[in-house]
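Content type compact mmCIF, C-alpha atoms, from the file query_14.txt:
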```txt
# COMPACT_ATOMS: atom_id res chain seq x y z
CA MET A 1 -8.31 -2.87 -26.52
CA ASN A 2 -8.39 0.94 -26.70
CA GLY A 3 -5.65 3.34 -27.83
CA PRO A 4 -2.41 3.98 -25.93
CA THR A 5 -2.66 5.47 -22.45
CA ARG A 6 -1.05 8.80 -21.59
CA ASP A 7 1.99 7.25 -19.89
CA ALA A 8 2.48 4.93 -22.87
CA GLU A 9 2.53 7.97 -25.15
CA ILE A 10 5.14 9.70 -22.97
CA LEU A 11 7.36 6.61 -22.68
CA SER A 12 7.30 6.00 -26.44
CA ALA A 13 7.48 9.63 -27.60
CA GLN A 14 10.31 10.52 -29.97
CA ASP A 15 9.45 14.19 -30.42
CA ALA A 16 10.55 17.06 -28.22
CA GLN A 17 7.61 17.61 -25.88
CA LEU A 18 9.66 17.75 -22.71
CA ASP A 19 7.92 20.73 -21.11
CA ARG A 20 4.45 19.36 -21.78
CA HIS A 21 5.31 15.91 -20.46
CA VAL A 22 6.93 17.28 -17.29
CA GLU A 23 3.90 19.50 -16.73
CA LEU A 24 1.50 16.56 -17.06
CA ILE A 25 3.49 14.42 -14.65
CA ALA A 26 3.93 17.24 -12.12
CA GLY A 27 0.21 17.98 -12.27
CA GLU A 28 -0.63 14.39 -11.50
CA PHE A 29 1.72 14.37 -8.52
CA ARG A 30 0.00 17.50 -7.18
CA GLN A 31 -3.41 15.88 -7.58
CA GLY A 32 -2.12 12.82 -5.78
CA PHE A 33 -0.64 14.74 -2.86
CA GLU A 34 -3.85 16.73 -2.50
CA ALA A 35 -5.85 13.49 -2.39
CA VAL A 36 -3.53 11.96 0.21
CA GLU A 37 -4.07 15.00 2.45
CA LYS A 38 -7.80 14.19 2.53
CA ILE A 39 -7.33 10.65 3.86
CA PRO A 40 -7.97 10.27 7.61
CA LYS A 41 -4.94 8.80 9.36
CA PRO A 42 -3.79 6.15 9.96
CA ALA A 43 -4.28 4.24 6.73
CA VAL A 44 -3.26 0.90 5.23
CA ALA A 45 -2.87 -0.16 1.60
CA VAL A 46 -4.31 -3.53 0.57
CA PHE A 47 -3.27 -5.25 -2.66
CA GLY A 48 -4.27 -8.32 -4.62
CA SER A 49 -5.53 -9.58 -7.95
CA ALA A 50 -8.26 -7.80 -9.90
CA ARG A 51 -9.17 -11.19 -11.39
CA LEU A 52 -10.35 -13.00 -8.25
CA GLY A 53 -14.11 -12.99 -7.71
CA GLU A 54 -16.34 -12.84 -4.67
CA GLU A 55 -16.27 -16.62 -4.23
CA SER A 56 -12.49 -16.71 -3.80
CA THR A 57 -10.74 -17.04 -0.43
CA ALA A 58 -8.64 -13.96 -1.25
CA TYR A 59 -11.72 -11.81 -1.84
CA GLN A 60 -13.32 -12.97 1.39
CA GLY A 61 -10.11 -12.43 3.35
CA ALA A 62 -9.55 -8.95 1.95
CA ARG A 63 -13.12 -8.02 2.74
CA GLU A 64 -12.65 -9.18 6.33
CA ALA A 65 -9.35 -7.30 6.61
CA GLY A 66 -10.91 -4.12 5.26
CA ARG A 67 -13.76 -4.37 7.76
CA ARG A 68 -11.40 -5.04 10.68
CA PHE A 69 -9.15 -2.11 9.78
CA ALA A 70 -12.19 0.17 9.53
CA GLU A 71 -13.51 -0.98 12.88
CA THR A 72 -10.10 -0.15 14.37
CA GLY A 73 -10.33 3.39 13.00
CA TRP A 74 -8.07 2.95 9.98
CA SER A 75 -8.65 4.16 6.43
CA VAL A 76 -8.27 1.51 3.73
CA ILE A 77 -6.55 2.29 0.43
CA THR A 78 -6.51 0.05 -2.64
CA GLY A 79 -5.83 0.29 -6.34
CA GLY A 80 -9.54 1.02 -6.71
CA GLY A 81 -10.33 -1.76 -9.14
CA PRO A 82 -12.26 -5.04 -8.96
CA GLY A 83 -11.36 -8.32 -7.28
CA VAL A 84 -9.32 -8.14 -4.09
CA MET A 85 -9.23 -4.34 -4.30
CA GLU A 86 -13.01 -4.17 -4.37
CA ALA A 87 -13.19 -6.61 -1.46
CA ALA A 88 -11.00 -4.47 0.81
CA ASN A 89 -12.90 -1.30 -0.08
CA ARG A 90 -16.17 -3.12 0.47
CA GLY A 91 -15.07 -4.33 3.89
CA ALA A 92 -13.96 -0.83 4.84
CA ARG A 93 -17.36 0.53 3.87
CA GLU A 94 -19.11 -2.20 5.86
CA GLY A 95 -16.92 -1.44 8.89
CA GLY A 96 -17.84 2.23 8.80
CA GLY A 97 -14.39 3.35 7.72
CA PHE A 98 -12.97 5.61 5.02
CA SER A 99 -12.41 3.80 1.73
CA VAL A 100 -9.93 5.04 -0.89
CA GLY A 101 -9.29 3.88 -4.45
CA PHE A 102 -6.22 5.01 -6.39
CA ASN A 103 -7.13 3.64 -9.78
CA ILE A 104 -4.91 3.50 -12.89
CA GLU A 105 -5.71 4.18 -16.52
CA LEU A 106 -5.23 0.95 -18.46
CA PRO A 107 -5.79 0.02 -22.11
CA HIS A 108 -8.68 -2.24 -21.06
CA GLU A 109 -10.19 0.48 -18.84
CA GLN A 110 -10.14 -0.80 -15.27
CA SER A 111 -13.18 0.89 -13.76
CA PRO A 112 -13.23 2.07 -10.13
CA ASN A 113 -15.27 -0.13 -7.83
CA ARG A 114 -18.43 1.20 -6.16
CA TYR A 115 -17.17 1.00 -2.57
CA VAL A 116 -14.82 3.99 -2.73
CA ASP A 117 -15.37 7.20 -0.75
CA LEU A 118 -12.37 9.00 -2.28
CA GLY A 119 -11.23 7.99 -5.74
CA LEU A 120 -8.56 9.23 -8.12
CA THR A 121 -7.57 7.73 -11.46
CA PHE A 122 -3.89 8.10 -12.31
CA HIS A 123 -2.36 8.08 -15.77
CA HIS A 124 1.15 7.28 -14.53
CA PHE A 125 2.08 4.26 -12.45
CA TYR A 126 4.96 6.03 -10.73
CA ALA A 127 2.73 8.84 -9.43
CA ARG A 128 0.18 6.33 -8.19
CA LYS A 129 2.82 4.16 -6.51
CA THR A 130 4.22 7.18 -4.69
CA MET A 131 0.80 8.06 -3.28
CA LEU A 132 0.09 4.50 -2.17
CA VAL A 133 3.28 4.48 -0.10
CA LYS A 134 2.92 8.06 1.16
CA ALA A 135 -0.64 7.52 2.35
CA ALA A 136 -0.12 4.15 4.05
CA GLU A 137 1.38 2.98 7.34
CA GLY A 138 1.80 -0.54 5.97
CA PHE A 139 0.95 -2.97 3.15
CA VAL A 140 -1.21 -6.09 3.28
CA LEU A 141 -0.94 -8.27 0.18
CA PHE A 142 -3.32 -11.01 -0.84
CA PRO A 143 -2.73 -13.34 -3.82
CA GLY A 144 -2.10 -11.39 -6.99
CA GLY A 145 -0.09 -11.16 -10.17
CA PHE A 146 2.66 -8.91 -11.51
CA GLY A 147 1.05 -5.72 -10.17
CA THR A 148 0.86 -7.11 -6.65
CA LEU A 149 4.45 -8.37 -6.88
CA ASP A 150 5.52 -4.94 -8.09
CA GLU A 151 4.03 -3.30 -5.00
CA LEU A 152 5.54 -5.97 -2.75
CA PHE A 153 9.11 -5.57 -3.95
CA GLU A 154 8.92 -1.79 -4.11
CA ALA A 155 7.90 -1.75 -0.44
CA LEU A 156 10.75 -4.10 0.47
CA VAL A 157 13.29 -1.96 -1.40
CA LEU A 158 12.06 1.22 0.31
CA ILE A 159 12.39 -0.41 3.72
CA GLN A 160 15.75 -2.03 2.92
CA THR A 161 17.21 1.28 1.74
CA GLY A 162 15.82 3.31 4.64
CA LYS A 163 13.35 5.37 2.62
CA VAL A 164 10.44 4.40 4.88
CA PHE A 165 10.41 3.34 8.53
CA HIS A 166 8.08 1.28 10.73
CA PHE A 167 6.39 -0.06 7.60
CA PRO A 168 5.03 -3.60 8.02
CA VAL A 169 4.50 -5.77 4.94
CA VAL A 170 2.14 -8.70 5.46
CA LEU A 171 1.46 -11.53 3.00
CA VAL A 172 -1.83 -13.39 3.41
CA ASP A 173 -2.15 -17.06 2.30
CA ARG A 174 0.97 -19.08 3.09
CA SER A 175 0.40 -21.66 0.38
CA TYR A 176 0.22 -18.99 -2.32
CA TRP A 177 3.41 -17.19 -1.29
CA GLU A 178 5.38 -20.26 -0.21
CA GLY A 179 7.23 -20.77 -3.50
CA LEU A 180 8.35 -17.15 -3.67
CA LEU A 181 9.56 -17.20 -0.07
CA GLU A 182 11.49 -20.44 -0.66
CA TRP A 183 13.15 -18.91 -3.72
CA ILE A 184 14.19 -15.86 -1.69
CA HIS A 185 15.59 -18.07 1.08
CA GLU A 186 17.23 -20.71 -1.11
CA ARG A 187 18.56 -18.55 -3.96
CA LEU A 188 18.94 -14.91 -2.96
CA LEU A 189 20.25 -15.45 0.56
CA PRO A 190 22.97 -18.02 -0.33
CA ALA A 191 24.01 -15.89 -3.29
CA GLY A 192 24.58 -12.96 -0.97
CA THR A 193 22.24 -10.68 -2.92
CA ILE A 194 20.21 -10.02 0.23
CA ALA A 195 21.22 -10.05 3.91
CA PRO A 196 19.64 -12.32 6.55
CA PRO A 197 17.70 -9.43 8.16
CA ASP A 198 16.03 -8.73 4.82
CA GLU A 199 14.02 -11.94 5.15
CA GLU A 200 12.55 -10.59 8.36
CA LEU A 201 10.89 -7.69 6.54
CA LEU A 202 7.93 -9.94 5.71
CA LEU A 203 5.23 -11.45 7.86
CA VAL A 204 3.22 -14.34 6.39
CA THR A 205 -0.12 -15.50 7.73
CA ASP A 206 -3.32 -17.28 6.76
CA ASP A 207 -5.41 -15.16 9.09
CA PRO A 208 -6.67 -11.72 8.00
CA ALA A 209 -7.17 -10.82 11.66
CA GLU A 210 -3.47 -11.47 12.34
CA ALA A 211 -2.52 -9.35 9.35
CA VAL A 212 -4.57 -6.46 10.68
CA ALA A 213 -3.22 -6.85 14.22
CA ASN A 214 0.38 -6.84 12.97
CA VAL A 215 -0.02 -3.57 11.09
CA VAL A 216 -1.96 -1.89 13.89
CA ASP A 217 0.51 -3.03 16.57
CA CYS A 218 3.52 -1.91 14.51
CA TYR A 219 1.96 1.51 14.10
CA ALA A 220 1.28 1.71 17.84
CA ARG A 221 4.90 0.81 18.63
CA ALA A 222 6.18 3.38 16.16
CA CYS A 223 3.99 6.08 17.66
CA ALA A 224 5.18 5.14 21.13
CA ALA A 225 8.82 5.29 20.00
CA GLN A 226 8.28 8.72 18.46
CA ALA A 227 6.36 9.99 21.47
CA GLN A 228 9.00 8.89 24.03
CA PRO A 229 11.67 11.50 23.14
CA GLN A 230 8.98 14.19 23.07
CA ALA A 231 7.71 13.14 26.50
CA GLU A 232 11.25 13.11 27.89
CA ALA A 233 11.91 16.58 26.47
CA MET A 234 8.71 17.92 27.98
CA GLU A 235 9.58 16.37 31.34
CA ALA A 236 13.06 17.90 31.26
CA SER A 237 11.59 21.27 30.36
CA ALA A 238 9.14 21.03 33.26
CA ARG A 239 11.99 20.21 35.66
CA GLU A 240 13.98 23.19 34.48
CA ALA A 241 10.96 25.45 34.89
CA ALA A 242 10.41 24.15 38.42
CA ASN A 243 14.00 24.96 39.32
```
Written as structure tokens, how would this file's structure read?
Amino acid sequence: MNGPTRDAEILSAQDAQLDRHVELIAGEFRQGFEAVEKIPKPAVAVFGSARLGEESTAYQGAREAGRRFAETGWSVITGGGPGVMEAANRGAREGGGFSVGFNIELPHEQSPNRYVDLGLTFHHFYARKTMLVKAAEGFVLFPGGFGTLDELFEALVLIQTGKVFHFPVVLVDRSYWEGLLEWIHERLLPAGTIAPPDEELLLVTDDPAEAVANVVDCYARACAAQAQPQAEAMEASAREAAN
């Protein structure tokens, strides 16, 4: 294992380097926003374990999902690393789409995969997480560990609290997620720590094609909902002009 990463140094610092630390963090946010501006819209973020190899069902499913999104005209964004992330980027490349990797500096040096068209390595998780949400119109999550769960629950909190709208979250592989979903239904809901509609924020499927269709359809409905008031305003303006 290598030395401490930059965010580890900031989080553990005891000396007064406030201005320098704020400058470093602000600079990374600027880099991130500039990168997001370069991503063709719409885009989806795909998550899953870095530890699952090419022979795994998750890798194969993420690769298919990446290809299907690309063939539909969507950009595909991942954490830029190996495993499921590589698979989604690989599929996007194979489908002729735009492939993005927002990597993170880790003590064991997670290297960017070779299927990325636009890559950026972040030092701070919070800057990276912001860009993943800002750039995406939805999340698709394959089996993964703590990092994948972190992205899952952040997305749910942002939707629950009204910070993002029309943002589908799709879990792929029912058997993998079943225990978590049962815990949410059997513990959180009866305890009153979530409301019944909160359970409906998730779609679960075994089919990558269904995952892709759900995100694409949700985006289409959101666009239609946004376009309707504009169309009505234009029609009203035309009527006034005619009179």
Determine the nearest neighbour of Ser49 of chain A from the options A:Leu24, A:Ala62, A:Val76, A:Ile194, counting all atoms listed in the file.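 That would be A:Ala62, the residue with the smallest distance to Ser49 of chain A.
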Show which residues sit within 10 Å of Val133 of chain A, as a list in words. Count only C-alpha atoms, and ignore same-chain residues fewer than 3 positions away.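 Using only C-alpha atoms, the neighbours found are Val44, Ala45, Arg128, Lys129, Thr130, Ala136, Glu137, Gly138, Phe139, Glu151, Glu154, Ala155, Leu158, Val164 and Phe167 of chain A.
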Find the residue from A:Gly119, A:Gln160, A:Gly66, A:Ala127 that sits nearest to Glu200 of chain A; use only C-alpha atoms when measuring.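 Of A:Gly119, A:Gln160, A:Gly66, A:Ala127, the one nearest Glu200 of chain A is A:Gln160, counting only C-alpha atoms.
Going from atom CA of Ala191 of chain A to atom CA of Ser175 of chain A covers 24.6 Å.
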Nearest to Phe165 of chain A among A:Trp74, A:Trp183, A:Trp177, A:Tyr219, with distances taken over only C-alpha atoms: which residue is it?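 Closest to Phe165 of chain A, using only C-alpha atoms: A:Tyr219.
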Excluding Leu152 of chain A and any residue of its chain fewer than 6 positions from it, enumerate the residues within 12 Å of it, using all atoms listed in the file, and give them as a PDB file with C-alpha atoms, in the frame of the given file.
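Contents of result.pdb, freshly written:
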```pdb
ATOM      1  CA  ALA A  45      -2.870  -0.160   1.600  1.00  0.00           C
ATOM      2  CA  VAL A  46      -4.310  -3.530   0.570  1.00  0.00           C
ATOM      3  CA  PHE A  47      -3.270  -5.250  -2.660  1.00  0.00           C
ATOM      4  CA  GLY A  48      -4.270  -8.320  -4.620  1.00  0.00           C
ATOM      5  CA  LYS A 129       2.820   4.160  -6.510  1.00  0.00           C
ATOM      6  CA  LEU A 132       0.090   4.500  -2.170  1.00  0.00           C
ATOM      7  CA  VAL A 133       3.280   4.480  -0.100  1.00  0.00           C
ATOM      8  CA  GLY A 138       1.800  -0.540   5.970  1.00  0.00           C
ATOM      9  CA  PHE A 139       0.950  -2.970   3.150  1.00  0.00           C
ATOM     10  CA  VAL A 140      -1.210  -6.090   3.280  1.00  0.00           C
ATOM     11  CA  LEU A 141      -0.940  -8.270   0.180  1.00  0.00           C
ATOM     12  CA  PHE A 142      -3.320 -11.010  -0.840  1.00  0.00           C
ATOM     13  CA  PRO A 143      -2.730 -13.340  -3.820  1.00  0.00           C
ATOM     14  CA  GLY A 144      -2.100 -11.390  -6.990  1.00  0.00           C
ATOM     15  CA  GLY A 145      -0.090 -11.160 -10.170  1.00  0.00           C
ATOM     16  CA  PHE A 146       2.660  -8.910 -11.510  1.00  0.00           C
ATOM     17  CA  LEU A 158      12.060   1.220   0.310  1.00  0.00           C
ATOM     18  CA  ILE A 159      12.390  -0.410   3.720  1.00  0.00           C
ATOM     19  CA  PHE A 167       6.390  -0.060   7.600  1.00  0.00           C
ATOM     20  CA  PRO A 168       5.030  -3.600   8.020  1.00  0.00           C
ATOM     21  CA  VAL A 169       4.500  -5.770   4.940  1.00  0.00           C
ATOM     22  CA  VAL A 170       2.140  -8.700   5.460  1.00  0.00           C
ATOM     23  CA  LEU A 171       1.460 -11.530   3.000  1.00  0.00           C
ATOM     24  CA  TRP A 177       3.410 -17.190  -1.290  1.00  0.00           C
ATOM     25  CA  LEU A 180       8.350 -17.150  -3.670  1.00  0.00           C
ATOM     26  CA  LEU A 201      10.890  -7.690   6.540  1.00  0.00           C
ATOM     27  CA  LEU A 202       7.930  -9.940   5.710  1.00  0.00           C
ATOM     28  CA  LEU A 203       5.230 -11.450   7.860  1.00  0.00           C
TER      29      LEU A 203
END
```
Given the choices A:Val172, A:Ile104, A:Ala65, A:Ile77, which gets closest to Thr121 of chain A if the distance is worked out from all atoms listed in the file?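 Residue with the minimum atom-to-atom distance to Thr121 of chain A: A:Ile104.
Going from atom CA of Gly53 of chain A to atom CA of Gly81 of chain A covers 11.9 Å.
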Within 7 Å of Cys218 of chain A using all atoms listed in the file, minus same-chain residues under 3 positions, as a ChimeraX atom specification: /A:166,168,214-215,221-222
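Coordinates place atom CA of Arg93 of chain A at a distance of 26.4 Å from atom CA of Asp150 of chain A.
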With distances taken over all atoms listed in the file, which residue among A:Gly162, A:Gly61, A:Gly147, A:Pro42 lies nearest Glu210 of chain A? A:Gly61
Nearest residue to Lys38 of chain A out of A:Glu64, A:Glu86, A:Glu54, A:Asp117, using only C-alpha atoms?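 Looking at the shortest contact to Lys38 of chain A, the residue is A:Asp117.
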Dump as a ChimeraX atom specification all residues having an atom at most 8 Å from (-5.1, 2.8, -12.2), computed in the file's coordinates with all atoms listed in the file. /A:79-81,102-106,110,121-123,125,128
Could segment 165-187 of chain A be completed with N, CA and C atoms and returned as a short mmCIF file (atom, residue, chain, number, x, y, z; two decimals), keeping the file's coordinate frame?
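And here's out-v1.cif as it stands now:
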```
data_model
loop_
_atom_site.label_atom_id
_atom_site.label_comp_id
_atom_site.auth_asym_id
_atom_site.auth_seq_id
_atom_site.Cartn_x
_atom_site.Cartn_y
_atom_site.Cartn_z
N PHE A 165 10.13 3.97 7.25
CA PHE A 165 10.41 3.34 8.53
C PHE A 165 9.11 2.83 9.15
N HIS A 166 9.23 1.83 10.02
CA HIS A 166 8.08 1.28 10.73
C HIS A 166 6.96 0.94 9.74
N PHE A 167 7.33 0.20 8.70
CA PHE A 167 6.39 -0.06 7.60
C PHE A 167 6.21 -1.56 7.45
N PRO A 168 5.21 -2.14 8.11
CA PRO A 168 5.03 -3.60 8.02
C PRO A 168 4.50 -4.02 6.65
N VAL A 169 4.96 -5.17 6.19
CA VAL A 169 4.50 -5.77 4.94
C VAL A 169 4.02 -7.18 5.27
N VAL A 170 2.74 -7.44 5.07
CA VAL A 170 2.14 -8.70 5.46
C VAL A 170 1.59 -9.42 4.24
N LEU A 171 1.98 -10.68 4.07
CA LEU A 171 1.46 -11.53 3.00
C LEU A 171 0.40 -12.46 3.59
N VAL A 172 -0.75 -12.53 2.93
CA VAL A 172 -1.83 -13.39 3.41
C VAL A 172 -2.01 -14.56 2.45
N ASP A 173 -1.99 -15.77 3.01
CA ASP A 173 -2.15 -17.06 2.30
C ASP A 173 -0.78 -17.71 2.10
N ARG A 174 -0.36 -18.46 3.10
CA ARG A 174 0.97 -19.08 3.09
C ARG A 174 1.20 -19.94 1.85
N SER A 175 0.20 -20.74 1.49
CA SER A 175 0.40 -21.66 0.38
C SER A 175 0.64 -20.92 -0.93
N TYR A 176 0.03 -19.76 -1.09
CA TYR A 176 0.22 -18.99 -2.32
C TYR A 176 1.63 -18.40 -2.40
N TRP A 177 2.13 -17.89 -1.29
CA TRP A 177 3.41 -17.19 -1.29
C TRP A 177 4.60 -18.10 -1.00
N GLU A 178 4.32 -19.35 -0.66
CA GLU A 178 5.38 -20.26 -0.21
C GLU A 178 6.52 -20.40 -1.22
N GLY A 179 6.18 -20.57 -2.50
CA GLY A 179 7.23 -20.77 -3.50
C GLY A 179 8.14 -19.56 -3.63
N LEU A 180 7.57 -18.38 -3.59
CA LEU A 180 8.35 -17.15 -3.67
C LEU A 180 9.28 -17.03 -2.47
N LEU A 181 8.76 -17.32 -1.28
CA LEU A 181 9.56 -17.20 -0.07
C LEU A 181 10.70 -18.22 -0.06
N GLU A 182 10.43 -19.43 -0.56
CA GLU A 182 11.49 -20.44 -0.66
C GLU A 182 12.58 -19.99 -1.62
N TRP A 183 12.17 -19.41 -2.74
CA TRP A 183 13.15 -18.91 -3.72
C TRP A 183 14.02 -17.83 -3.11
N ILE A 184 13.42 -16.91 -2.35
CA ILE A 184 14.19 -15.86 -1.69
C ILE A 184 15.19 -16.47 -0.72
N HIS A 185 14.73 -17.47 0.07
CA HIS A 185 15.59 -18.07 1.08
C HIS A 185 16.67 -18.96 0.47
N GLU A 186 16.32 -19.71 -0.58
CA GLU A 186 17.23 -20.71 -1.11
C GLU A 186 18.13 -20.18 -2.23
N ARG A 187 17.75 -19.08 -2.86
CA ARG A 187 18.56 -18.55 -3.96
C ARG A 187 19.19 -17.21 -3.63
#
```
